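Reproduced below: protein09.tsv, with TSV, C-alpha atoms and all ligand atoms.
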```tsv
chain	number	residue	atom	x	y	z
A	1408	MET	CA	97.87	119.80	105.36
A	1409	THR	CA	96.33	118.29	108.48
A	1410	SER	CA	98.42	116.94	111.31
A	1411	GLN	CA	97.13	113.49	110.40
A	1412	THR	CA	98.69	113.56	106.93
A	1413	MET	CA	101.82	115.27	108.21
A	1414	SER	CA	102.29	112.45	110.67
A	1415	ASN	CA	101.67	109.65	108.29
A	1416	THR	CA	102.17	110.21	104.56
A	1417	PRO	CA	105.85	109.57	104.06
A	1418	THR	CA	108.03	111.95	102.08
A	1419	PRO	CA	110.60	110.43	99.66
A	1420	ASP	CA	113.28	111.20	102.24
A	1421	GLN	CA	111.33	109.41	104.98
A	1422	ILE	CA	110.71	106.45	102.68
A	1423	ARG	CA	114.45	106.18	102.12
A	1424	ARG	CA	115.26	106.41	105.83
A	1425	ALA	CA	112.50	103.99	106.88
A	1426	PRO	CA	113.84	100.54	107.86
A	1427	LYS	CA	112.90	98.23	105.00
A	1428	VAL	CA	113.06	94.45	104.66
A	1429	LEU	CA	113.73	92.78	101.32
A	1430	LEU	CA	113.15	89.09	100.64
A	1431	HIS	CA	113.27	88.87	96.85
A	1432	ASP	CA	116.26	90.43	95.09
A	1433	HIS	CA	118.52	88.82	92.48
A	1434	LEU	CA	122.26	89.39	92.80
A	1435	ASP	CA	122.68	89.23	89.00
A	1436	GLY	CA	119.80	91.70	88.58
A	1437	GLY	CA	121.21	94.47	90.75
A	1438	LEU	CA	124.67	95.38	89.48
A	1439	ARG	CA	125.75	99.00	89.11
A	1440	PRO	CA	126.12	99.81	85.38
A	1441	GLY	CA	129.58	101.28	86.01
A	1442	THR	CA	130.65	98.04	87.68
A	1443	ILE	CA	129.48	95.98	84.70
A	1444	VAL	CA	131.60	98.12	82.38
A	1445	GLU	CA	134.67	97.83	84.62
A	1446	LEU	CA	134.27	94.10	85.16
A	1447	ALA	CA	133.79	93.51	81.44
A	1448	HIS	CA	137.05	95.35	80.85
A	1449	SER	CA	139.02	93.51	83.55
A	1450	THR	CA	137.67	90.05	82.72
A	1451	GLY	CA	137.85	90.37	78.93
A	1452	TYR	CA	134.08	90.21	78.37
A	1453	THR	CA	133.47	91.82	74.97
A	1454	ARG	CA	129.75	91.36	74.33
A	1455	LEU	CA	128.29	94.40	76.17
A	1456	PRO	CA	125.82	96.36	74.00
A	1457	GLU	CA	127.10	99.69	75.45
A	1458	THR	CA	130.29	100.68	77.24
A	1459	ASP	CA	129.10	104.00	78.65
A	1460	PRO	CA	127.59	103.32	82.11
A	1461	GLY	CA	124.70	105.76	81.60
A	1462	LYS	CA	123.75	104.31	78.22
A	1463	LEU	CA	124.22	100.77	79.51
A	1464	GLY	CA	121.86	101.36	82.44
A	1465	LEU	CA	119.27	102.70	80.02
A	1466	TRP	CA	119.79	99.73	77.69
A	1467	PHE	CA	119.02	97.34	80.56
A	1468	ARG	CA	115.78	99.09	81.45
A	1469	GLU	CA	114.65	99.33	77.84
A	1470	ALA	CA	115.42	95.68	77.14
A	1471	ALA	CA	113.45	94.69	80.24
A	1472	ASP	CA	110.61	97.01	79.21
A	1473	SER	CA	110.45	95.72	75.64
A	1474	GLY	CA	107.96	92.97	76.37
A	1475	SER	CA	110.25	90.52	74.61
A	1476	LEU	CA	111.32	87.60	76.77
A	1477	GLU	CA	114.43	87.07	74.61
A	1478	ARG	CA	115.63	90.61	75.23
A	1479	TYR	CA	114.79	90.37	78.92
A	1480	LEU	CA	116.83	87.18	79.25
A	1481	GLU	CA	119.68	88.73	77.25
A	1482	THR	CA	120.14	91.28	80.04
A	1483	PHE	CA	121.09	88.48	82.42
A	1484	SER	CA	123.55	86.96	79.96
A	1485	HIS	CA	125.60	90.18	80.34
A	1486	THR	CA	125.43	90.50	84.12
A	1487	VAL	CA	126.16	86.81	84.62
A	1488	GLY	CA	128.81	87.10	81.88
A	1489	VAL	CA	130.91	89.49	83.99
A	1490	MET	CA	130.37	87.51	87.23
A	1491	GLN	CA	132.65	84.55	86.49
A	1492	THR	CA	135.64	85.30	88.70
A	1493	ARG	CA	136.09	85.34	92.45
A	1494	ASP	CA	136.95	89.04	92.54
A	1495	ALA	CA	133.94	89.95	90.42
A	1496	LEU	CA	131.57	88.01	92.70
A	1497	VAL	CA	133.05	89.55	95.85
A	1498	ARG	CA	132.70	93.04	94.38
A	1499	VAL	CA	129.15	92.60	93.11
A	1500	ALA	CA	128.00	91.16	96.45
A	1501	ARG	CA	129.79	93.89	98.42
A	1502	GLU	CA	128.21	96.65	96.33
A	1503	CYS	CA	124.82	94.99	96.59
A	1504	ALA	CA	124.97	95.13	100.41
A	1505	GLU	CA	126.25	98.72	100.29
A	1506	ASP	CA	123.54	99.88	97.88
A	1507	LEU	CA	120.74	98.24	99.85
A	1508	ALA	CA	122.05	99.71	103.13
A	1509	GLU	CA	122.29	103.16	101.55
A	1510	ASP	CA	118.64	102.77	100.54
A	1511	GLY	CA	117.57	102.02	104.13
A	1512	VAL	CA	117.23	98.26	103.85
A	1513	VAL	CA	118.06	96.70	107.23
A	1514	TYR	CA	117.58	93.06	106.33
A	1515	ALA	CA	117.83	91.43	102.90
A	1516	GLU	CA	117.80	87.95	101.46
A	1517	VAL	CA	119.58	88.11	98.11
A	1518	ARG	CA	119.47	85.16	95.73
A	1519	TYR	CA	121.65	83.87	92.94
A	1520	ALA	CA	122.26	80.63	91.06
A	1521	PRO	CA	125.76	79.28	91.81
A	1522	GLU	CA	125.58	77.02	88.74
A	1523	GLN	CA	125.63	80.11	86.50
A	1524	HIS	CA	129.02	81.30	87.74
A	1525	LEU	CA	131.26	78.35	86.87
A	1526	GLU	CA	132.51	79.37	83.41
A	1527	GLY	CA	135.72	80.87	84.79
A	1528	GLY	CA	136.66	77.64	86.55
A	1529	LEU	CA	135.22	78.32	90.03
A	1530	SER	CA	133.61	75.45	91.93
A	1531	LEU	CA	130.11	75.80	93.38
A	1532	GLU	CA	131.64	76.15	96.86
A	1533	GLU	CA	134.04	78.86	95.70
A	1534	VAL	CA	131.14	80.82	94.22
A	1535	VAL	CA	129.23	80.70	97.51
A	1536	GLU	CA	132.32	81.63	99.52
A	1537	ALA	CA	133.04	84.62	97.27
A	1538	VAL	CA	129.49	85.96	97.49
A	1539	ASN	CA	129.44	85.49	101.26
A	1540	GLU	CA	132.72	87.36	101.57
A	1541	GLY	CA	131.30	90.23	99.52
A	1542	PHE	CA	128.18	90.46	101.64
A	1543	ARG	CA	130.24	90.57	104.86
A	1544	GLU	CA	132.50	93.29	103.42
A	1545	GLY	CA	129.45	95.26	102.31
A	1546	GLU	CA	127.90	94.99	105.76
A	1547	ARG	CA	131.16	96.28	107.28
A	1548	ILE	CA	131.42	99.23	104.88
A	1549	ALA	CA	127.76	100.08	105.46
A	1550	ARG	CA	128.41	100.15	109.21
A	1551	GLN	CA	131.33	102.54	108.69
A	1552	ASN	CA	128.95	104.78	106.74
A	1553	GLY	CA	126.40	104.79	109.55
A	1554	HIS	CA	124.03	102.14	108.17
A	1555	ARG	CA	123.08	98.78	109.58
A	1556	ILE	CA	122.21	95.89	107.32
A	1557	ARG	CA	122.20	92.12	107.49
A	1558	VAL	CA	122.28	90.17	104.25
A	1559	GLY	CA	121.52	86.47	103.92
A	1560	ALA	CA	121.96	84.48	100.71
A	1561	LEU	CA	119.41	82.24	99.02
A	1562	LEU	CA	120.82	79.70	96.59
A	1563	THR	CA	118.75	79.38	93.44
A	1564	ALA	CA	118.52	76.38	91.14
A	1565	MET	CA	117.39	76.93	87.56
A	1566	ARG	CA	114.06	75.34	86.64
A	1567	HIS	CA	115.19	74.19	83.21
A	1568	ALA	CA	118.37	72.55	84.52
A	1569	ALA	CA	118.72	69.32	86.46
A	1570	ARG	CA	120.96	70.38	89.34
A	1571	ALA	CA	118.32	71.30	91.92
A	1572	LEU	CA	119.22	68.54	94.39
A	1573	GLU	CA	122.91	69.37	94.15
A	1574	ILE	CA	122.21	73.09	94.80
A	1575	ALA	CA	119.85	72.20	97.66
A	1576	GLU	CA	122.64	70.14	99.23
A	1577	LEU	CA	124.99	73.08	98.76
A	1578	ALA	CA	122.51	75.41	100.48
A	1579	ASN	CA	122.25	72.96	103.35
A	1580	ARG	CA	126.03	72.69	103.68
A	1581	PHE	CA	126.33	76.48	103.99
A	1582	ARG	CA	123.23	77.04	106.10
A	1583	ASP	CA	125.05	78.37	109.15
A	1584	LEU	CA	127.61	80.13	106.98
A	1585	GLY	CA	125.61	82.91	105.39
A	1586	VAL	CA	123.13	80.93	103.29
A	1587	VAL	CA	119.62	81.07	104.74
A	1588	GLY	CA	117.58	79.15	102.17
A	1589	PHE	CA	116.91	77.85	98.68
A	1590	ASP	CA	114.85	78.89	95.65
A	1591	ILE	CA	114.09	77.82	92.11
A	1592	ALA	CA	113.77	80.33	89.28
A	1593	GLY	CA	113.53	80.51	85.51
A	1594	ALA	CA	110.74	80.15	82.97
A	1595	GLU	CA	107.60	78.78	84.65
A	1596	ALA	CA	105.79	77.49	81.57
A	1597	GLY	CA	106.85	73.96	80.75
A	1598	TYR	CA	109.00	73.63	83.88
A	1599	PRO	CA	106.69	72.92	86.81
A	1600	PRO	CA	108.26	72.98	90.27
A	1601	THR	CA	107.37	69.31	90.72
A	1602	ARG	CA	110.30	68.50	88.39
A	1603	HIS	CA	112.51	69.25	91.38
A	1604	LEU	CA	110.62	67.35	94.08
A	1605	ASP	CA	113.77	65.50	95.15
A	1606	ALA	CA	115.40	68.82	96.11
A	1607	PHE	CA	112.39	70.01	98.12
A	1608	GLU	CA	111.95	66.69	99.88
A	1609	TYR	CA	115.62	66.69	100.78
A	1610	LEU	CA	115.38	70.19	102.27
A	1611	LYS	CA	112.27	69.26	104.26
A	1612	ARG	CA	114.07	66.25	105.71
A	1613	GLU	CA	116.90	68.62	106.67
A	1614	ASN	CA	114.41	71.07	108.29
A	1615	ASN	CA	115.63	73.75	105.90
A	1616	HIS	CA	113.74	76.60	104.22
A	1617	PHE	CA	112.86	77.35	100.61
A	1618	THR	CA	110.86	79.64	98.42
A	1619	ILE	CA	109.74	78.94	94.86
A	1620	HIS	CA	109.23	81.38	91.97
A	1621	ALA	CA	105.58	80.65	91.23
A	1622	GLY	CA	102.48	82.50	90.12
A	1623	GLU	CA	104.31	85.24	88.22
A	1624	ALA	CA	103.58	84.61	84.54
A	1625	PHE	CA	101.95	81.27	85.12
A	1626	GLY	CA	98.81	81.13	87.23
A	1627	LEU	CA	97.17	79.13	89.96
A	1628	PRO	CA	98.42	75.62	89.02
A	1629	SER	CA	101.98	76.79	89.56
A	1630	ILE	CA	101.15	78.26	92.99
A	1631	TRP	CA	99.21	75.14	93.94
A	1632	GLN	CA	102.09	72.86	92.99
A	1633	ALA	CA	104.65	75.01	94.80
A	1634	LEU	CA	102.62	74.84	98.01
A	1635	GLN	CA	100.83	71.50	98.00
A	1636	TRP	CA	103.33	69.30	96.18
A	1637	CYS	CA	106.63	70.97	96.95
A	1638	GLY	CA	105.89	72.49	100.38
A	1639	ALA	CA	107.31	75.97	99.72
A	1640	ASP	CA	107.63	78.23	102.77
A	1641	ARG	CA	107.10	81.33	100.61
A	1642	LEU	CA	105.99	82.20	97.08
A	1643	GLY	CA	108.36	84.12	94.82
A	1644	HIS	CA	105.84	86.60	93.39
A	1645	GLY	CA	102.65	84.58	93.91
A	1646	VAL	CA	100.84	87.58	92.46
A	1647	ARG	CA	98.54	85.41	90.29
A	1648	ILE	CA	96.78	84.27	93.48
A	1649	ILE	CA	94.55	87.18	92.47
A	1650	ASP	CA	93.01	84.81	89.86
A	1651	ASP	CA	91.39	82.92	92.76
A	1652	ILE	CA	89.81	86.06	94.25
A	1653	GLN	CA	86.52	87.44	92.93
A	1654	VAL	CA	85.51	91.00	93.61
A	1655	GLN	CA	81.70	91.20	93.31
A	1656	ALA	CA	79.77	94.14	91.88
A	1657	ASP	CA	78.85	95.30	95.41
A	1658	GLY	CA	82.53	95.36	96.41
A	1659	SER	CA	82.41	92.22	98.52
A	1660	VAL	CA	85.16	89.69	97.94
A	1661	LYS	CA	85.05	85.93	97.52
A	1662	LEU	CA	88.17	83.83	97.98
A	1663	GLY	CA	88.60	80.45	96.28
A	1664	ARG	CA	90.02	77.48	98.16
A	1665	LEU	CA	93.63	78.15	97.20
A	1666	ALA	CA	93.50	81.88	97.95
A	1667	SER	CA	91.86	81.06	101.30
A	1668	TYR	CA	94.59	78.57	102.06
A	1669	VAL	CA	97.32	81.08	101.21
A	1670	ARG	CA	95.76	83.70	103.46
A	1671	ASP	CA	94.77	81.34	106.29
A	1672	LYS	CA	98.23	79.77	106.45
A	1673	ARG	CA	99.90	83.19	106.23
A	1674	VAL	CA	101.94	82.12	103.19
A	1675	PRO	CA	104.29	85.02	102.43
A	1676	LEU	CA	103.92	86.58	98.97
A	1677	GLU	CA	107.15	88.10	97.66
A	1678	LEU	CA	105.46	90.75	95.52
A	1679	CYS	CA	107.56	92.76	93.05
A	1680	PRO	CA	105.40	95.55	91.57
A	1681	SER	CA	107.79	97.18	89.06
A	1682	SER	CA	109.01	93.81	87.78
A	1683	ASN	CA	105.40	92.70	87.24
A	1684	LEU	CA	104.69	95.83	85.21
A	1685	GLN	CA	107.64	95.06	82.94
A	1686	THR	CA	106.67	91.44	82.37
A	1687	GLY	CA	103.02	92.35	81.87
A	1688	ALA	CA	101.73	90.57	84.99
A	1689	ALA	CA	100.10	93.91	85.95
A	1690	SER	CA	99.23	96.96	83.84
A	1691	SER	CA	99.83	99.82	86.31
A	1692	TYR	CA	100.83	100.37	89.93
A	1693	ALA	CA	97.27	101.43	90.77
A	1694	GLU	CA	95.93	98.19	89.29
A	1695	HIS	CA	98.61	95.98	90.82
A	1696	PRO	CA	97.03	93.23	92.96
A	1697	ILE	CA	99.14	94.30	95.95
A	1698	GLY	CA	96.43	96.88	96.76
A	1699	LEU	CA	93.71	94.26	97.14
A	1700	LEU	CA	96.02	91.71	98.77
A	1701	ARG	CA	97.06	94.24	101.39
A	1702	ARG	CA	93.41	95.19	102.01
A	1703	LEU	CA	92.51	91.51	102.48
A	1704	HIS	CA	95.44	91.00	104.87
A	1705	PHE	CA	97.39	88.47	102.90
A	1706	ARG	CA	100.99	88.12	104.12
A	1707	ALA	CA	102.12	90.56	101.41
A	1708	THR	CA	105.67	91.88	101.17
A	1709	VAL	CA	107.27	94.46	98.85
A	1710	ASN	CA	110.36	93.52	96.83
A	1711	THR	CA	112.65	94.75	94.07
A	1712	ASP	CA	113.34	91.55	92.06
A	1713	ASN	CA	115.90	93.10	89.64
A	1714	ARG	CA	116.96	96.61	90.60
A	1715	LEU	CA	119.08	97.14	87.49
A	1716	MET	CA	116.55	95.93	84.92
A	1717	SER	CA	113.68	97.76	86.60
A	1718	GLY	CA	115.68	100.88	87.49
A	1719	THR	CA	114.30	100.51	90.98
A	1720	SER	CA	115.13	100.22	94.68
A	1721	MET	CA	113.08	99.42	97.77
A	1722	SER	CA	112.46	103.14	98.24
A	1723	ARG	CA	111.30	103.51	94.62
A	1724	GLU	CA	108.89	100.59	95.05
A	1725	PHE	CA	107.38	102.20	98.13
A	1726	GLU	CA	107.22	105.61	96.44
A	1727	HIS	CA	105.12	104.06	93.66
A	1728	LEU	CA	102.84	102.36	96.19
A	1729	VAL	CA	102.45	105.52	98.26
A	1730	ASP	CA	101.44	107.35	95.06
A	1731	ALA	CA	99.08	104.63	93.87
A	1732	PHE	CA	97.39	103.64	97.12
A	1733	GLY	CA	98.04	106.53	99.51
A	1734	TYR	CA	100.04	104.28	101.78
A	1735	THR	CA	101.26	105.71	105.05
A	1736	LEU	CA	104.21	104.96	107.30
A	1737	ASP	CA	101.90	102.51	109.07
A	1738	ASP	CA	101.40	100.63	105.81
A	1739	MET	CA	105.13	100.62	105.19
A	1740	GLN	CA	105.68	99.27	108.68
A	1741	TRP	CA	103.05	96.59	108.07
A	1742	PHE	CA	104.82	95.41	104.90
A	1743	SER	CA	108.21	95.53	106.61
A	1744	VAL	CA	107.05	93.56	109.65
A	1745	ASN	CA	105.37	91.05	107.32
A	1746	ALA	CA	108.64	90.58	105.48
A	1747	MET	CA	110.66	90.26	108.67
A	1748	LYS	CA	108.23	87.68	110.05
A	1749	SER	CA	108.69	85.71	106.82
A	1750	ALA	CA	112.50	85.79	106.73
A	1751	PHE	CA	114.43	82.53	106.90
A	1752	ILE	CA	116.62	83.45	109.89
A	1753	PRO	CA	115.75	82.04	113.34
A	1754	PHE	CA	112.60	83.24	115.11
A	1755	ASP	CA	114.38	85.02	117.96
A	1756	GLU	CA	116.47	87.02	115.49
A	1757	ARG	CA	113.41	87.94	113.42
A	1758	LEU	CA	111.62	89.07	116.56
A	1759	ALA	CA	114.57	91.18	117.67
A	1760	MET	CA	114.77	92.78	114.21
A	1761	ILE	CA	111.06	93.63	114.40
A	1762	ASN	CA	111.05	94.94	117.96
A	1763	ASP	CA	114.49	96.55	118.18
A	1764	VAL	CA	115.06	97.81	114.62
A	1765	VAL	CA	111.93	97.99	112.45
A	1766	LYS	CA	109.32	99.27	114.90
A	1767	PRO	CA	111.59	101.83	116.62
A	1768	GLY	CA	112.62	103.11	113.16
A	1769	TYR	CA	109.03	103.77	112.17
A	1770	ALA	CA	108.17	105.23	115.57
A	1771	GLU	CA	111.02	107.68	115.13
A	1772	LEU	CA	109.79	108.71	111.66
A	1773	LYS	CA	106.19	108.97	112.79
A	1774	SER	CA	107.17	111.36	115.57
A	1775	GLU	CA	109.06	113.75	113.30
A	1776	TRP	CA	106.03	115.87	112.37
A	1777	LEU	CA	105.62	116.88	116.03
A	1778	PHE	CA	108.97	118.60	116.07
A	1779	GLN	CA	108.59	120.05	112.57
A	1780	GLN	CA	105.38	121.72	113.74
A	1781	THR	CA	107.11	123.16	116.82
A	1782	ALA	CA	109.91	124.49	114.63
A	1783	SER	CA	107.55	126.17	112.14
A	1784	THR	CA	105.36	127.62	114.92
A	1785	SER	CA	108.29	129.18	116.73
A	1786	GLY	CA	109.59	130.42	113.37
A	1787	SER	CA	106.36	132.28	112.60
A	1788	VAL	CA	106.25	133.83	116.10
A	1789	GLU	CA	109.78	135.09	115.62
A	1790	SER	CA	109.00	136.60	112.23
A	1791	LYS	CA	106.06	138.49	113.73
A	1792	GLY	CA	108.23	139.86	116.53
B	1801	ZN	ZN	112.66	86.81	90.92
```
Spell out the structure here as structure tokens.
Amino acid sequence: MTSQTMSNTPTPDQIRRAPKVLLHDHLDGGLRPGTIVELAHSTGYTRLPETDPGKLGLWFREAADSGSLERYLETFSHTVGVMQTRDALVRVARECAEDLAEDGVVYAEVRYAPEQHLEGGLSLEEVVEAVNEGFREGERIARQNGHRIRVGALLTAMRHAARALEIAELANRFRDLGVVGFDIAGAEAGYPPTRHLDAFEYLKRENNHFTIHAGEAFGLPSIWQALQWCGADRLGHGVRIIDDIQVQADGSVKLGRLASYVRDKRVPLELCPSSNLQTGAASSYAEHPIGLLRRLHFRATVNTDNRLMSGTSMSREFEHLVDAFGYTLDDMQWFSVNAMKSAFIPFDERLAMINDVVKPGYAELKSEWLFQQTASTSGSVESKG
């Protein structure tokens, strides 16, 4: 091993300790299997397919892997099913913050749809307050365990429903109280983002921020609408922008107008490799468009989407990318800085996170090989003596 690779190819342990920034993670897609079982028991939810946490975790991954949209959506009916009380929401949000912090995430924007948590009689406001409380508790517990994390919430409206404006107003009401932006999610086909123009126009008038799930299953028209009709600040996934990029036989690359626009305007792409493999948007990590998009300097970021359904974490995502593309700590830093630049918190806070947390964290990791070498050298001298 040369000193170059020692200094730069991250080990799994370094990947975990590296400061990571997460912009696209669903609260109802990241529960601990054991928590689902306990919440089902305490809230009287009887429809779980398995009651053993190990088997249940496996069931979630298999259902998400099955290639069947019905089975994939069924997974969320169970997680959302046990998240209908205040206590359940506080707990799930707290554990989310704890788990992300444990995995080395220093900043996360976690999204959920308040309208899906009203079956137990909570109001939209009570849902948001419960989740915020859980995030704050999780941040506190993480700090006690020696981790630092900041978690902001994104409020999601469902594409097929008609409450987007109401949820956008809710996001705006809570914008200085833990909610940093807005999103729409759900099946892309048949539900173009332009159905919710009133919500996006409202948020623009309020100088607020939003991202839109676009360009995941559905291609360029969805991305184009999200940007040019709705004015999205970021693209949830956006991975199909690859359809507007031609790689020629000689290796040169030609960008179409939309791909050029996305790159020129530094539109952040919330890429979620493992999730894309499960939904068929990419066939392997090595073939995932993130490799080309990173090479072409798009504003690419790495995300988990649904940690439970994909059996993943930020560290796992980076491990796959390191394997597939030979990424180094410098690449990891590039993705993390990209994500931090694209966060919805104020500019001065983003800058401080980059300069005082992210970059020093990577500098520390990148310097470790120097001391390892000293240790092994002195060790071999000793053994000779
Ligand atoms: Zn998503």
Close residues, region 1419-1430 of chain A itself excluded, 7 Å, only C-alpha atoms, min 4 positions apart in chain, as a list in words: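 With the cut-off at 7 Å, the set is Asp1510, Gly1511, Val1512, Val1513, Tyr1514, Ala1515, Glu1516, Val1517, Glu1677, Asn1710, Ser1722, Glu1726, Ser1743, Ala1746, Met1747, Ala1750, Val1765, Gly1768, Tyr1769 and Leu1772 of chain A.
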Would you list the residues that come within 8 Å of ligand ZN 1801 (chain B)? Count only C-alpha atoms and all ligand atoms and give the answer as a list in words.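 The neighbouring residues of ligand ZN 1801 (chain B) are, in order, His1431, Asp1432, His1433, Ala1592, His1620, Gly1643, His1644, Asp1712 and Asn1713 of chain A.
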Need to verify the contact set: Asn1615 (chain A), 12 Å, all atoms listed in the file, exclusion of same-chain residues closer than 2 positions in sequence. Can you return it as an MDAnalysis selection string? chainID A and resid 1561 1575:1583 1586:1590 1606:1613 1617:1618 1638:1640 1751:1753
Identify which of the residues A:Leu1438, A:Ile1697, A:Val1558, A:Ala1549 lies closest to Val1499 (chain A), counting all atoms listed in the file when measuring atom-to-atom distances.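 Distance minimum relative to Val1499 (chain A) lands on A:Leu1438.
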Might you pull out every residue within 8 Å of Phe1742 (chain A), with all atoms listed in the file counted and same-chain residues fewer than 6 positions away left off, and present them as a list of chain:residue names? A:Ala1707, A:Thr1708, A:Val1709
Selection to disk with C-alpha atoms, as a CSV table (one decimal), in the coordinates of the input:
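Everything below was put into result_31.csv:
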```csv
chain,number,residue,atom,x,y,z
A,1707,ALA,CA,102.1,90.6,101.4
A,1708,THR,CA,105.7,91.9,101.2
A,1709,VAL,CA,107.3,94.5,98.8
```
d(CA of Ala1564 (chain A), CA of Glu1457 (chain A)) in Å: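 Computing the Euclidean distance for CA of Ala1564 (chain A) and CA of Glu1457 (chain A) yields 29.4 Å.
Nearest-residue note for Asn1415 (chain A): choosing from A:Lys1773, A:Arg1498, A:Arg1670, A:His1554, the minimum distance belongs to A:Lys1773, counting all atoms listed in the file.
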Starting from the incomplete input, reconstruct N, CA and C atoms of region 1729-1742 of chain A and write that as a PDB file, keeping the file's coordinate frame.
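See part-v9.pdb below for the written result:
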```pdb
ATOM      1  N   VAL A1729     102.995 104.373  97.538  1.00  0.00           N
ATOM      2  CA  VAL A1729     102.450 105.520  98.260  1.00  0.00           C
ATOM      3  C   VAL A1729     101.624 106.377  97.291  1.00  0.00           C
ATOM      4  N   ASP A1730     102.163 106.588  96.088  1.00  0.00           N
ATOM      5  CA  ASP A1730     101.440 107.350  95.060  1.00  0.00           C
ATOM      6  C   ASP A1730     100.134 106.657  94.664  1.00  0.00           C
ATOM      7  N   ALA A1731     100.221 105.353  94.427  1.00  0.00           N
ATOM      8  CA  ALA A1731      99.080 104.630  93.870  1.00  0.00           C
ATOM      9  C   ALA A1731      97.987 104.387  94.903  1.00  0.00           C
ATOM     10  N   PHE A1732      98.384 104.082  96.132  1.00  0.00           N
ATOM     11  CA  PHE A1732      97.390 103.640  97.120  1.00  0.00           C
ATOM     12  C   PHE A1732      97.300 104.553  98.342  1.00  0.00           C
ATOM     13  N   GLY A1733      98.075 105.625  98.348  1.00  0.00           N
ATOM     14  CA  GLY A1733      98.040 106.530  99.510  1.00  0.00           C
ATOM     15  C   GLY A1733      98.587 105.883 100.771  1.00  0.00           C
ATOM     16  N   TYR A1734      99.505 104.964 100.605  1.00  0.00           N
ATOM     17  CA  TYR A1734     100.040 104.280 101.780  1.00  0.00           C
ATOM     18  C   TYR A1734     100.746 105.243 102.728  1.00  0.00           C
ATOM     19  N   THR A1735     100.676 104.899 103.991  1.00  0.00           N
ATOM     20  CA  THR A1735     101.260 105.710 105.050  1.00  0.00           C
ATOM     21  C   THR A1735     102.475 104.987 105.630  1.00  0.00           C
ATOM     22  N   LEU A1736     103.106 105.630 106.601  1.00  0.00           N
ATOM     23  CA  LEU A1736     104.210 104.960 107.300  1.00  0.00           C
ATOM     24  C   LEU A1736     103.711 103.704 108.001  1.00  0.00           C
ATOM     25  N   ASP A1737     102.449 103.712 108.434  1.00  0.00           N
ATOM     26  CA  ASP A1737     101.900 102.510 109.070  1.00  0.00           C
ATOM     27  C   ASP A1737     101.820 101.353 108.065  1.00  0.00           C
ATOM     28  N   ASP A1738     101.425 101.675 106.831  1.00  0.00           N
ATOM     29  CA  ASP A1738     101.400 100.630 105.810  1.00  0.00           C
ATOM     30  C   ASP A1738     102.808 100.100 105.535  1.00  0.00           C
ATOM     31  N   MET A1739     103.752 101.037 105.430  1.00  0.00           N
ATOM     32  CA  MET A1739     105.130 100.620 105.190  1.00  0.00           C
ATOM     33  C   MET A1739     105.628  99.725 106.314  1.00  0.00           C
ATOM     34  N   GLN A1740     105.274 100.089 107.529  1.00  0.00           N
ATOM     35  CA  GLN A1740     105.680  99.270 108.680  1.00  0.00           C
ATOM     36  C   GLN A1740     105.033  97.886 108.590  1.00  0.00           C
ATOM     37  N   TRP A1741     103.761  97.863 108.178  1.00  0.00           N
ATOM     38  CA  TRP A1741     103.050  96.590 108.070  1.00  0.00           C
ATOM     39  C   TRP A1741     103.757  95.665 107.070  1.00  0.00           C
ATOM     40  N   PHE A1742     104.112  96.212 105.894  1.00  0.00           N
ATOM     41  CA  PHE A1742     104.820  95.410 104.900  1.00  0.00           C
ATOM     42  C   PHE A1742     106.190  94.953 105.432  1.00  0.00           C
TER      43      PHE A1742
END
```
